[in-house]
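Novice: I'd like to ask you about the structure that follows.
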Amino acid sequence: MKDNSKEKTDETVDLIWNLAELLRGPYNKDHYRDVILPLCVLRRFDCVLEVTKEVVLKKNEELKVSPIKERDIFLNQASGYEFNNTSNYDFQKLLADPDNIAANLRNYIAGFSQNVRDIFEHFKFDTEISNLDKHNILYLVLKEFNSVNLHPDVIPNYKMGDIFEELIYRFSENAEAGDHFTPREVIRLMVNLLFSNGASVLSTRGIITTILDPACGTGGMLSVSEKFIRKLNPDAQVEVFGQDFNDQSFAICKSDMLIKGHDASHLFIRSAMTK
């Protein structure tokens, strides 16, 4: 049987990969990822929050005098996720004002809850906004990304992880051995081996289980492990924990876990190796 979901994933990866050619000139190839990966994450968030956007804006207006922490609780409930955005902008509205594209994009990102703003800080994306705007290609890049549909109904969470991994692989082809991600097929084999003797315990009704990856990268091991457990036991409560040293990988992992409904405070960035 033909795997239509894989075909859709490959098609999306090729589309995003081809967008990198817009950066030719202002960027060297080894820096394409500095723009493409954060914009891919931003477009994913944009699509995820699209349905509840107006509801969140209305709720934010009602709660504008409330403390930020208290406000976020209700705004997250309105968005349906563990994050929200209170900016009036989205990709479509950004494109409606090309003369102020950089300022408006910053306003859009600043409108996210702190857990998402932290992701773009790790991407150091503000620097890229300035560079793209300086070379007059920011509008064009955003316009092309707006044509990429990353809504969960089109690209489910587990496939979004595959897209991130494939993009990272392509951007890292000239990197040193071991410098990029572990292929998903290898992760699946590792997970099957790790959990092969624990199936009876993991099948226990109402079980709460934790997964820790001390070098989580983009979160592939966490995602595949959770999928394995939930397939075995749909009622299991799975809590994921992870850390990494690479800012970009950490940012992707955190965005993926947030969209899947996990507590992003369980993920950490480490700035130095502990001796």
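Order determines the names: the first chain of the structure tokens is A, the second B, and so forth; residues in each chain are numbered 1 upward, and ligands are numbered 1 upward as they are shown.
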Run DSSP on the backbone and grab whatever in region 87-204 of chain A lands in helix (DSSP H, G or I); send it over as a PyMOL selection string.
Specialist: chain A and resi 91-95+98-110+114-123+125-134+138-146+157-171+184-195+199-202
Novice: What's the 7 Å shell around region 224-232 of chain A, counting only C-alpha atoms, without same-chain residues fewer than 2 positions away, as a list in words?
Specialist: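 My reading of the contact set: Arg188, Val191, Leu202, Ser203, Gly220, Met221, Leu222, Pro234, Ala236 and Val238 of chain A.
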Novice: Taking into account only C-alpha atoms, which residue in the set A:Arg270, A:His151, A:His262, A:Arg43 is nearest to Glu239 (chain A)?
Specialist: A:His262
Novice: Region 11-23 of chain A: which residues within 12 Å, counting only C-alpha atoms, same-chain residues fewer than 2 positions away excluded, as a ChimeraX atom specification?
Specialist: /A:4-9,25-41,43,128,131-133,135-151,154-155,159-171
Novice: Residues of region 1-248 of chain A in strand (DSSP E or B) according to DSSP, as an NGL selection string?
Specialist: :A and (24 or 27 or 85 or 112 or 208-213 or 237-244)
Novice: For region 79-87 of chain A, find every residue with an atom within 8 Å (counting only C-alpha atoms), except residues of its own chain fewer than 5 positions away, and show them as a PyMOL selection string.
Specialist: chain A and resi 49+52-53+55-57+60+72+107-113+115-116+258-259+261-263
Novice: So the first atom is CA of Thr218 (chain A) and the second is CA of Thr182 (chain A); what is the distance between them in Å, to one decimal place?
Specialist: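 These atoms are spaced 9.7 Å apart.
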